[in-house]
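model_31.cif (mmCIF, N, CA and C atoms)
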```cif
data_model
#
loop_
_atom_site.label_atom_id
_atom_site.label_comp_id
_atom_site.auth_asym_id
_atom_site.auth_seq_id
_atom_site.Cartn_x
_atom_site.Cartn_y
_atom_site.Cartn_z
N ASN A 1 5.20 71.60 -44.50
CA ASN A 1 5.99 71.03 -45.59
C ASN A 1 7.35 70.58 -45.08
N TRP A 2 7.75 69.41 -45.55
CA TRP A 2 9.08 68.89 -45.25
C TRP A 2 10.03 69.31 -46.36
N THR A 3 11.24 69.65 -46.01
CA THR A 3 12.30 69.86 -46.99
C THR A 3 13.43 68.90 -46.65
N ASN A 4 14.28 68.59 -47.63
CA ASN A 4 15.37 67.68 -47.33
C ASN A 4 16.61 68.01 -48.15
N SER A 5 17.73 67.54 -47.67
CA SER A 5 18.98 67.58 -48.41
C SER A 5 19.71 66.28 -48.08
N SER A 6 20.53 65.81 -48.99
CA SER A 6 21.24 64.56 -48.74
C SER A 6 22.69 64.69 -49.13
N LYS A 7 23.53 63.88 -48.46
CA LYS A 7 24.97 63.84 -48.75
C LYS A 7 25.55 62.61 -48.09
N ALA A 8 26.75 62.24 -48.53
CA ALA A 8 27.46 61.14 -47.90
C ALA A 8 28.29 61.68 -46.75
N GLY A 9 28.24 60.99 -45.64
CA GLY A 9 29.04 61.38 -44.49
C GLY A 9 30.48 60.91 -44.63
N LYS A 10 31.31 61.25 -43.69
CA LYS A 10 32.72 60.85 -43.71
C LYS A 10 32.89 59.33 -43.68
N ASN A 11 31.89 58.64 -43.12
CA ASN A 11 31.96 57.19 -43.02
C ASN A 11 31.42 56.50 -44.27
N GLY A 12 31.00 57.27 -45.29
CA GLY A 12 30.51 56.70 -46.54
C GLY A 12 29.02 56.44 -46.58
N TYR A 13 28.35 56.53 -45.45
CA TYR A 13 26.91 56.31 -45.42
C TYR A 13 26.19 57.54 -45.94
N LEU A 14 25.13 57.30 -46.72
CA LEU A 14 24.32 58.40 -47.21
C LEU A 14 23.40 58.87 -46.10
N ASN A 15 23.30 60.18 -45.95
CA ASN A 15 22.45 60.79 -44.94
C ASN A 15 21.45 61.70 -45.61
N VAL A 16 20.35 61.90 -44.96
CA VAL A 16 19.36 62.87 -45.42
C VAL A 16 18.97 63.73 -44.21
N VAL A 17 18.88 65.02 -44.45
CA VAL A 17 18.43 65.94 -43.40
C VAL A 17 17.01 66.36 -43.76
N LEU A 18 16.08 66.08 -42.87
CA LEU A 18 14.69 66.47 -43.06
C LEU A 18 14.40 67.62 -42.10
N SER A 19 13.72 68.61 -42.61
CA SER A 19 13.39 69.74 -41.74
C SER A 19 11.93 70.15 -41.95
N LYS A 20 11.34 70.58 -40.86
CA LYS A 20 9.95 71.04 -40.88
C LYS A 20 9.80 72.08 -39.79
N GLY A 21 9.34 73.24 -40.16
CA GLY A 21 9.11 74.29 -39.17
C GLY A 21 10.35 74.66 -38.39
N GLY A 22 11.49 74.64 -39.02
CA GLY A 22 12.73 75.01 -38.34
C GLY A 22 13.40 73.88 -37.58
N ASN A 23 12.75 72.74 -37.43
CA ASN A 23 13.34 71.57 -36.76
C ASN A 23 14.02 70.71 -37.81
N ARG A 24 15.29 70.38 -37.58
CA ARG A 24 16.07 69.57 -38.53
C ARG A 24 16.49 68.28 -37.86
N ARG A 25 16.40 67.18 -38.63
CA ARG A 25 16.87 65.88 -38.14
C ARG A 25 17.64 65.19 -39.25
N CYS A 26 18.74 64.58 -38.89
CA CYS A 26 19.58 63.85 -39.83
C CYS A 26 19.35 62.35 -39.65
N PHE A 27 19.17 61.65 -40.78
CA PHE A 27 18.93 60.21 -40.76
C PHE A 27 19.88 59.52 -41.73
N HIS A 28 20.32 58.31 -41.38
CA HIS A 28 21.04 57.46 -42.34
C HIS A 28 20.00 56.88 -43.29
N VAL A 29 20.25 56.96 -44.58
CA VAL A 29 19.31 56.46 -45.58
C VAL A 29 19.07 54.97 -45.41
N HIS A 30 20.12 54.19 -45.12
CA HIS A 30 19.93 52.74 -45.00
C HIS A 30 18.99 52.37 -43.86
N VAL A 31 18.98 53.16 -42.80
CA VAL A 31 18.06 52.90 -41.69
C VAL A 31 16.63 53.19 -42.10
N LEU A 32 16.41 54.29 -42.82
CA LEU A 32 15.06 54.63 -43.29
C LEU A 32 14.53 53.57 -44.24
N VAL A 33 15.39 53.10 -45.16
CA VAL A 33 14.97 52.08 -46.13
C VAL A 33 14.64 50.78 -45.40
N ALA A 34 15.49 50.36 -44.47
CA ALA A 34 15.24 49.11 -43.73
C ALA A 34 13.92 49.19 -42.97
N ARG A 35 13.68 50.30 -42.32
CA ARG A 35 12.42 50.43 -41.56
C ARG A 35 11.21 50.44 -42.49
N ALA A 36 11.35 51.08 -43.65
CA ALA A 36 10.22 51.15 -44.59
C ALA A 36 9.90 49.78 -45.19
N PHE A 37 10.92 48.97 -45.49
CA PHE A 37 10.69 47.71 -46.19
C PHE A 37 10.72 46.48 -45.29
N HIS A 38 11.40 46.56 -44.15
CA HIS A 38 11.52 45.40 -43.26
C HIS A 38 10.85 45.61 -41.91
N GLY A 39 10.34 46.80 -41.66
CA GLY A 39 9.73 47.10 -40.36
C GLY A 39 10.78 47.51 -39.34
N PRO A 40 10.36 47.69 -38.10
CA PRO A 40 11.31 48.08 -37.05
C PRO A 40 12.27 46.94 -36.73
N PRO A 41 13.40 47.25 -36.10
CA PRO A 41 14.35 46.19 -35.73
C PRO A 41 13.67 45.17 -34.82
N PRO A 42 14.00 43.88 -34.97
CA PRO A 42 13.37 42.85 -34.17
C PRO A 42 13.82 42.83 -32.71
N GLY A 43 14.89 43.53 -32.40
CA GLY A 43 15.39 43.57 -31.03
C GLY A 43 16.02 44.90 -30.72
N VAL A 44 16.34 45.11 -29.46
CA VAL A 44 16.91 46.38 -29.02
C VAL A 44 18.28 46.63 -29.64
N LEU A 45 19.14 45.64 -29.61
CA LEU A 45 20.49 45.80 -30.13
C LEU A 45 20.60 45.23 -31.54
N GLN A 46 19.80 45.72 -32.45
CA GLN A 46 19.83 45.28 -33.84
C GLN A 46 20.19 46.47 -34.72
N TRP A 47 21.23 46.31 -35.51
CA TRP A 47 21.68 47.34 -36.42
C TRP A 47 21.29 46.97 -37.84
N VAL A 48 21.29 47.95 -38.72
CA VAL A 48 21.04 47.70 -40.14
C VAL A 48 22.40 47.45 -40.80
N LEU A 49 22.56 46.29 -41.42
CA LEU A 49 23.80 45.91 -42.09
C LEU A 49 23.59 45.81 -43.58
N HIS A 50 24.67 46.00 -44.34
CA HIS A 50 24.67 45.87 -45.79
C HIS A 50 25.25 44.51 -46.16
N ARG A 51 24.49 43.69 -46.87
CA ARG A 51 24.95 42.34 -47.23
C ARG A 51 26.26 42.38 -48.02
N ASP A 52 26.41 43.38 -48.90
CA ASP A 52 27.59 43.44 -49.76
C ASP A 52 28.70 44.34 -49.21
N GLY A 53 28.47 44.94 -48.05
CA GLY A 53 29.48 45.80 -47.44
C GLY A 53 29.59 47.18 -48.06
N ASP A 54 28.74 47.50 -49.03
CA ASP A 54 28.78 48.79 -49.71
C ASP A 54 27.81 49.75 -49.03
N ALA A 55 28.33 50.73 -48.32
CA ALA A 55 27.51 51.67 -47.55
C ALA A 55 26.58 52.50 -48.43
N ARG A 56 26.85 52.54 -49.73
CA ARG A 56 26.00 53.32 -50.63
C ARG A 56 24.93 52.47 -51.31
N ASN A 57 24.98 51.15 -51.13
CA ASN A 57 23.98 50.28 -51.73
C ASN A 57 22.84 50.10 -50.73
N ASN A 58 21.85 50.96 -50.84
CA ASN A 58 20.75 50.99 -49.89
C ASN A 58 19.48 50.32 -50.42
N ARG A 59 19.65 49.39 -51.34
CA ARG A 59 18.49 48.62 -51.82
C ARG A 59 17.96 47.78 -50.67
N ALA A 60 16.65 47.66 -50.58
CA ALA A 60 16.03 46.91 -49.48
C ALA A 60 16.56 45.48 -49.40
N ASP A 61 16.79 44.84 -50.57
CA ASP A 61 17.26 43.45 -50.55
C ASP A 61 18.73 43.33 -50.14
N ASN A 62 19.43 44.44 -49.99
CA ASN A 62 20.82 44.42 -49.54
C ASN A 62 20.93 44.73 -48.04
N LEU A 63 19.83 45.06 -47.41
CA LEU A 63 19.85 45.46 -46.00
C LEU A 63 19.20 44.40 -45.12
N TYR A 64 19.75 44.24 -43.92
CA TYR A 64 19.15 43.32 -42.96
C TYR A 64 19.54 43.75 -41.55
N TYR A 65 18.77 43.31 -40.57
CA TYR A 65 19.03 43.61 -39.17
C TYR A 65 19.90 42.52 -38.56
N HIS A 66 20.85 42.94 -37.76
CA HIS A 66 21.66 41.99 -37.00
C HIS A 66 22.35 42.72 -35.86
N THR A 67 23.15 42.00 -35.12
CA THR A 67 23.79 42.55 -33.91
C THR A 67 25.05 43.34 -34.24
N PRO A 68 25.49 44.19 -33.31
CA PRO A 68 26.77 44.88 -33.49
C PRO A 68 27.94 43.92 -33.68
N THR A 69 27.90 42.77 -33.03
CA THR A 69 28.96 41.77 -33.20
C THR A 69 29.01 41.26 -34.63
N GLN A 70 27.82 40.97 -35.20
CA GLN A 70 27.78 40.52 -36.58
C GLN A 70 28.27 41.62 -37.52
N ASN A 71 27.98 42.87 -37.17
CA ASN A 71 28.46 44.00 -37.97
C ASN A 71 29.99 44.00 -38.03
N GLN A 72 30.64 43.77 -36.91
CA GLN A 72 32.11 43.73 -36.88
C GLN A 72 32.64 42.56 -37.71
N LEU A 73 31.99 41.40 -37.61
CA LEU A 73 32.41 40.24 -38.41
C LEU A 73 32.24 40.52 -39.90
N ASP A 74 31.13 41.16 -40.27
CA ASP A 74 30.90 41.52 -41.67
C ASP A 74 31.95 42.49 -42.17
N ARG A 75 32.29 43.48 -41.35
CA ARG A 75 33.30 44.47 -41.76
C ARG A 75 34.63 43.77 -42.04
N TYR A 76 35.00 42.83 -41.19
CA TYR A 76 36.23 42.08 -41.39
C TYR A 76 36.15 41.25 -42.67
N ARG A 77 35.03 40.54 -42.85
CA ARG A 77 34.85 39.68 -44.02
C ARG A 77 34.89 40.49 -45.31
N HIS A 78 34.21 41.63 -45.34
CA HIS A 78 34.19 42.46 -46.55
C HIS A 78 35.58 43.04 -46.85
N ALA A 79 36.27 43.48 -45.85
CA ALA A 79 37.62 44.03 -46.05
C ALA A 79 38.57 42.95 -46.55
N ARG A 80 38.48 41.75 -46.00
CA ARG A 80 39.34 40.64 -46.42
C ARG A 80 39.05 40.28 -47.87
N SER A 81 37.77 40.23 -48.26
CA SER A 81 37.43 39.90 -49.65
C SER A 81 37.97 40.95 -50.61
N ARG A 82 37.89 42.20 -50.24
CA ARG A 82 38.40 43.27 -51.10
C ARG A 82 39.92 43.16 -51.26
N ARG A 83 40.62 42.85 -50.17
CA ARG A 83 42.09 42.71 -50.24
C ARG A 83 42.49 41.58 -51.18
N ASN A 84 41.68 40.50 -51.19
CA ASN A 84 42.00 39.35 -52.03
C ASN A 84 41.44 39.47 -53.43
N GLY A 85 40.82 40.60 -53.73
CA GLY A 85 40.29 40.82 -55.07
C GLY A 85 39.01 40.07 -55.37
N GLY A 86 38.40 39.51 -54.33
CA GLY A 86 37.18 38.74 -54.53
C GLY A 86 35.92 39.55 -54.32
N SER A 87 34.84 38.86 -54.43
CA SER A 87 33.53 39.48 -54.19
C SER A 87 33.36 39.74 -52.70
N THR A 88 32.54 40.76 -52.40
CA THR A 88 32.27 41.06 -51.00
C THR A 88 31.01 40.39 -50.50
N SER A 89 30.34 39.62 -51.32
CA SER A 89 29.10 38.99 -50.87
C SER A 89 29.34 37.57 -50.41
#
```

Would you encode the structure as structure tokens?
Amino acid sequence: NWTNSSKAGKNGYLNVVLSKGGNRRCFHVHVLVARAFHGPPPGVLQWVLHRDGDARNNRADNLYYHTPTQNQLDRYRHARSRRNGGSTS
């Protein structure tokens, strides 16, 4: 039997801890959702990104794979939109 617990980490991402037979593993929820609905990453250096910049919005249609460079560009874009009072999408 698997047991689990979930919580938000310091970085705002939701995590889940799954344990079985005394072995525990922690996973980011957005990574699990992306793999379940979009399959494995298409490349080695592909991260799961949030289209709207909201680390708690783990809907499959809000997640996509891209590079770490694109992740940094998205972080900048989302932060700039929030400062200007606009949408983050």

field: Residues flagged alpha helix (DSSP H) by DSSP in chain A, as a VMD selection string
entry: chain A and resid 29 to 38 68 to 83

Find the residue from A:Pro40, A:Gly12, A:Gly22, A:Gly53 that sits nearest to Ala79 of chain A; use all atoms listed in the file when measuring.
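Of A:Pro40, A:Gly12, A:Gly22, A:Gly53, the one nearest Ala79 of chain A is A:Gly53, counting all atoms listed in the file.
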
Students should find that atom CA of Arg51 of chain A and atom CA of Arg77 of chain A are spaced 10.7 Å

task = Report as a list in words the full result of the PyMOL selection byres ((chain A and resi 52) around 7) when it is applied to this structure.
result =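 For this structure, the PyMOL selection byres ((chain A and resi 52) around 7) resolves to Leu49, His50, Arg51, Gly53, Asp54, Ala55, Asn62, Leu63, His78, Thr88 and Ser89 of chain A.
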
Strand (DSSP E or B) per DSSP on the backbone: members of chain A, as a count of residues only | 27

Please write the residues picked by the PyMOL selection byres ((chain A and resi 60) around 6.5) on this file as a compact mmCIF listing (two decimals) with N, CA and C atoms, keeping the file's coordinate frame.
```txt
# COMPACT_ATOMS: atom_id res chain seq x y z
N VAL A 33 15.39 53.10 -45.16
CA VAL A 33 14.97 52.08 -46.13
C VAL A 33 14.64 50.78 -45.40
N ALA A 34 15.49 50.36 -44.47
CA ALA A 34 15.24 49.11 -43.73
C ALA A 34 13.92 49.19 -42.97
N PHE A 37 10.92 48.97 -45.49
CA PHE A 37 10.69 47.71 -46.19
C PHE A 37 10.72 46.48 -45.29
N ASN A 58 21.85 50.96 -50.84
CA ASN A 58 20.75 50.99 -49.89
C ASN A 58 19.48 50.32 -50.42
N ARG A 59 19.65 49.39 -51.34
CA ARG A 59 18.49 48.62 -51.82
C ARG A 59 17.96 47.78 -50.67
N ASP A 61 16.79 44.84 -50.57
CA ASP A 61 17.26 43.45 -50.55
C ASP A 61 18.73 43.33 -50.14
N ASN A 62 19.43 44.44 -49.99
CA ASN A 62 20.82 44.42 -49.54
C ASN A 62 20.93 44.73 -48.04
N LEU A 63 19.83 45.06 -47.41
CA LEU A 63 19.85 45.46 -46.00
C LEU A 63 19.20 44.40 -45.12
N TYR A 64 19.75 44.24 -43.92
CA TYR A 64 19.15 43.32 -42.96
C TYR A 64 19.54 43.75 -41.55
```

Atom pair atom CA of His28 of chain A / atom CA of Gln46 of chain A: separation (Å):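 Interatomic distance, atom CA of His28 of chain A to atom CA of Gln46 of chain A: 14.9 Å.
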
Once the PyMOL selection byres ((chain A and resi 13) around 8) has been applied to the shown file, what residues remain in the selection, as a tab-separated table (two decimals) with N, CA and C atoms, in the frame of the given file?
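Contents of result_12.tsv, freshly written:
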```tsv
chain	number	residue	atom	x	y	z
A	7	LYS	N	23.53	63.88	-48.46
A	7	LYS	CA	24.97	63.84	-48.75
A	7	LYS	C	25.55	62.61	-48.09
A	8	ALA	N	26.75	62.24	-48.53
A	8	ALA	CA	27.46	61.14	-47.90
A	8	ALA	C	28.29	61.68	-46.75
A	9	GLY	N	28.24	60.99	-45.64
A	9	GLY	CA	29.04	61.38	-44.49
A	9	GLY	C	30.48	60.91	-44.63
A	10	LYS	N	31.31	61.25	-43.69
A	10	LYS	CA	32.72	60.85	-43.71
A	10	LYS	C	32.89	59.33	-43.68
A	11	ASN	N	31.89	58.64	-43.12
A	11	ASN	CA	31.96	57.19	-43.02
A	11	ASN	C	31.42	56.50	-44.27
A	12	GLY	N	31.00	57.27	-45.29
A	12	GLY	CA	30.51	56.70	-46.54
A	12	GLY	C	29.02	56.44	-46.58
A	14	LEU	N	25.13	57.30	-46.72
A	14	LEU	CA	24.32	58.40	-47.21
A	14	LEU	C	23.40	58.87	-46.10
A	15	ASN	N	23.30	60.18	-45.95
A	15	ASN	CA	22.45	60.79	-44.94
A	15	ASN	C	21.45	61.70	-45.61
A	16	VAL	N	20.35	61.90	-44.96
A	16	VAL	CA	19.36	62.87	-45.42
A	16	VAL	C	18.97	63.73	-44.21
A	27	PHE	N	19.17	61.65	-40.78
A	27	PHE	CA	18.93	60.21	-40.76
A	27	PHE	C	19.88	59.52	-41.73
A	28	HIS	N	20.32	58.31	-41.38
A	28	HIS	CA	21.04	57.46	-42.34
A	28	HIS	C	20.00	56.88	-43.29
A	29	VAL	N	20.25	56.96	-44.58
A	29	VAL	CA	19.31	56.46	-45.58
A	29	VAL	C	19.07	54.97	-45.41
A	30	HIS	N	20.12	54.19	-45.12
A	30	HIS	CA	19.93	52.74	-45.00
A	30	HIS	C	18.99	52.37	-43.86
A	54	ASP	N	28.74	47.50	-49.03
A	54	ASP	CA	28.78	48.79	-49.71
A	54	ASP	C	27.81	49.75	-49.03
A	55	ALA	N	28.33	50.73	-48.32
A	55	ALA	CA	27.51	51.67	-47.55
A	55	ALA	C	26.58	52.50	-48.43
A	56	ARG	N	26.85	52.54	-49.73
A	56	ARG	CA	26.00	53.32	-50.63
A	56	ARG	C	24.93	52.47	-51.31
A	57	ASN	N	24.98	51.15	-51.13
A	57	ASN	CA	23.98	50.28	-51.73
A	57	ASN	C	22.84	50.10	-50.73
```

| query | In Å to one decimal, how far is atom CA of Val48 of chain A from atom CA of Thr69 of chain A? | reply |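 These two atoms are separated by 12.1 Å.
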
If we count only C-alpha atoms, what is near Leu45 of chain A at a cut-off of 12 Å, once residues fewer than 4 positions away on the same chain are taken out, given as a list in words?
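After dropping sequence-adjacent residues, the list is Pro40, Pro41, Tyr65, His66, Thr67, Pro68, Thr69, Gln70 and Asn71 of chain A.
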